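> Just dropping this structure here.
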Amino acid sequence: MSEVVAMAGQAYMRQLQAHPLRTKAITSGVLAGCSDAIAQKISGVTKLQRRRLLLIMVKSKLKKDYASVQLTAWKFWPIVSWINYEYMPLQLRVLFHSLVASCWAVFLNLKAARSIATSKKE
């Protein structure tokens with residue numbers, strides 16, 4: 001298993017060197033889609049909602065949760081950026097940021113699902 005991971009890492013690094021923009025764009029897109037799929041499964045969705053892969057929140061939920069999400073973002077993202085610029089090698093910064101953004105997307109999706117459940121109860 002570790003050989004497969006090592007080979008995949010080496011192949012990724014070769015692609016990153018040969019085609020940096022394309023590799024980073026594809027990586028970000030795949031991670032964003034995966035994070036939404038994970039969030040849907042955690043929130044109890046039985047059938048994957050493909051349309052939701054492109055949309056994080058709808059307008060009404062955004063208005064309701066904007067302040068708390070924005071405050072959390074102001075606390076979270078400066079720390080992530082500091083870690084990224086201080087400790088990540090240049091060629092891995094987009095990958096690191098994309099991984100953290102995937103976790104952030106899971107958080108946003110869970111928060112959105114929670115607000116939907118709360119509004120349905122009312």
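Following the order of the structure tokens, chains are lettered A, B, ..., residues in each are numbered from 1, and ligands are numbered from 1.
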Do you know which residues are at most 9 Å from region 106-110 of chain A counting only C-alpha atoms, after dropping those on the same chain fewer than 4 positions away, and could you put them as a list in words?

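In the requested form, the answer reads Ser35, Asp36, Ala37, Ile38, Ala39, Gln40, Ile42, Ser43, Ile56, Met57, Val69, Ala101, Ser102, Arg114 and Ser115 of chain A.
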
> Can you list, as a PyMOL selection string, every protein, DNA or RNA residue that comes within 12 Å of region 73-78 of chain A when you count only C-alpha atoms, leaving out same-chain residues fewer than 2 positions away?

chain A and resi 66-71+80-86+97+100-101+103-105+107-108

> Please produce a file of the residues just selected, as a short mmCIF file (atom, residue, chain, number, x, y, z; two decimals), in the first residue's frame, where the atoms kept are C-alpha atoms.


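The result, stored in part-v8.cif:
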data_model
loop_
_atom_site.label_atom_id
_atom_site.label_comp_id
_atom_site.auth_asym_id
_atom_site.auth_seq_id
_atom_site.Cartn_x
_atom_site.Cartn_y
_atom_site.Cartn_z
CA TYR A 66 -23.72 34.57 7.13
CA ALA A 67 -22.63 36.37 10.30
CA SER A 68 -21.60 33.28 12.25
CA VAL A 69 -19.87 31.68 9.26
CA GLN A 70 -18.01 34.91 8.48
CA LEU A 71 -16.80 35.28 12.07
CA VAL A 80 -4.36 28.54 7.71
CA SER A 81 -2.69 31.19 5.56
CA TRP A 82 0.08 31.73 8.09
CA ILE A 83 0.79 27.98 8.28
CA ASN A 84 0.67 27.75 4.49
CA TYR A 85 3.13 30.59 3.84
CA GLU A 86 5.39 29.86 6.78
CA HIS A 97 -4.90 25.14 0.83
CA VAL A 100 -8.02 22.72 4.15
CA ALA A 101 -10.68 24.24 1.89
CA CYS A 103 -12.49 20.54 5.31
CA TRP A 104 -14.02 24.04 5.34
CA ALA A 105 -16.55 22.94 2.70
CA PHE A 107 -18.06 22.40 7.76
CA LEU A 108 -20.19 24.70 5.60
#

> For region 12-23 of chain A, work out the shell of residues within 9 Å, counting only C-alpha atoms and skipping chain neighbours fewer than 5 positions away, then give it as a PyMOL selection string.

chain A and resi 7+28+91

> Please identify which residues in chain A DSSP calls alpha helix (DSSP H) from the backbone, and express them as a ChimeraX atom specification.

/A:2-18,20-42,59-87,93-121

> Quote the spacing between CA of Arg50 (chain A) and CA of Ala113 (chain A) in Å to one decimal place.

15.6 Å

> Would you work out the distance separating CA of Lys24 (chain A) from CA of Leu95 (chain A), expressed in Å to one decimal?

7.0 Å

> Using only C-alpha atoms, which of A:Ile26, A:Lys64, A:Lys111, A:Cys34 sits nearest Val94 (chain A)?

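Looking only at the distances to Val94 (chain A), the closest residue turns out to be A:Ile26.
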
> Mind giving me the straight-line distance from CA of Ala112 (chain A) to CA of Asp65 (chain A) in Å, one decimal?

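Going from CA of Ala112 (chain A) over to CA of Asp65 (chain A) covers 8.1 Å.
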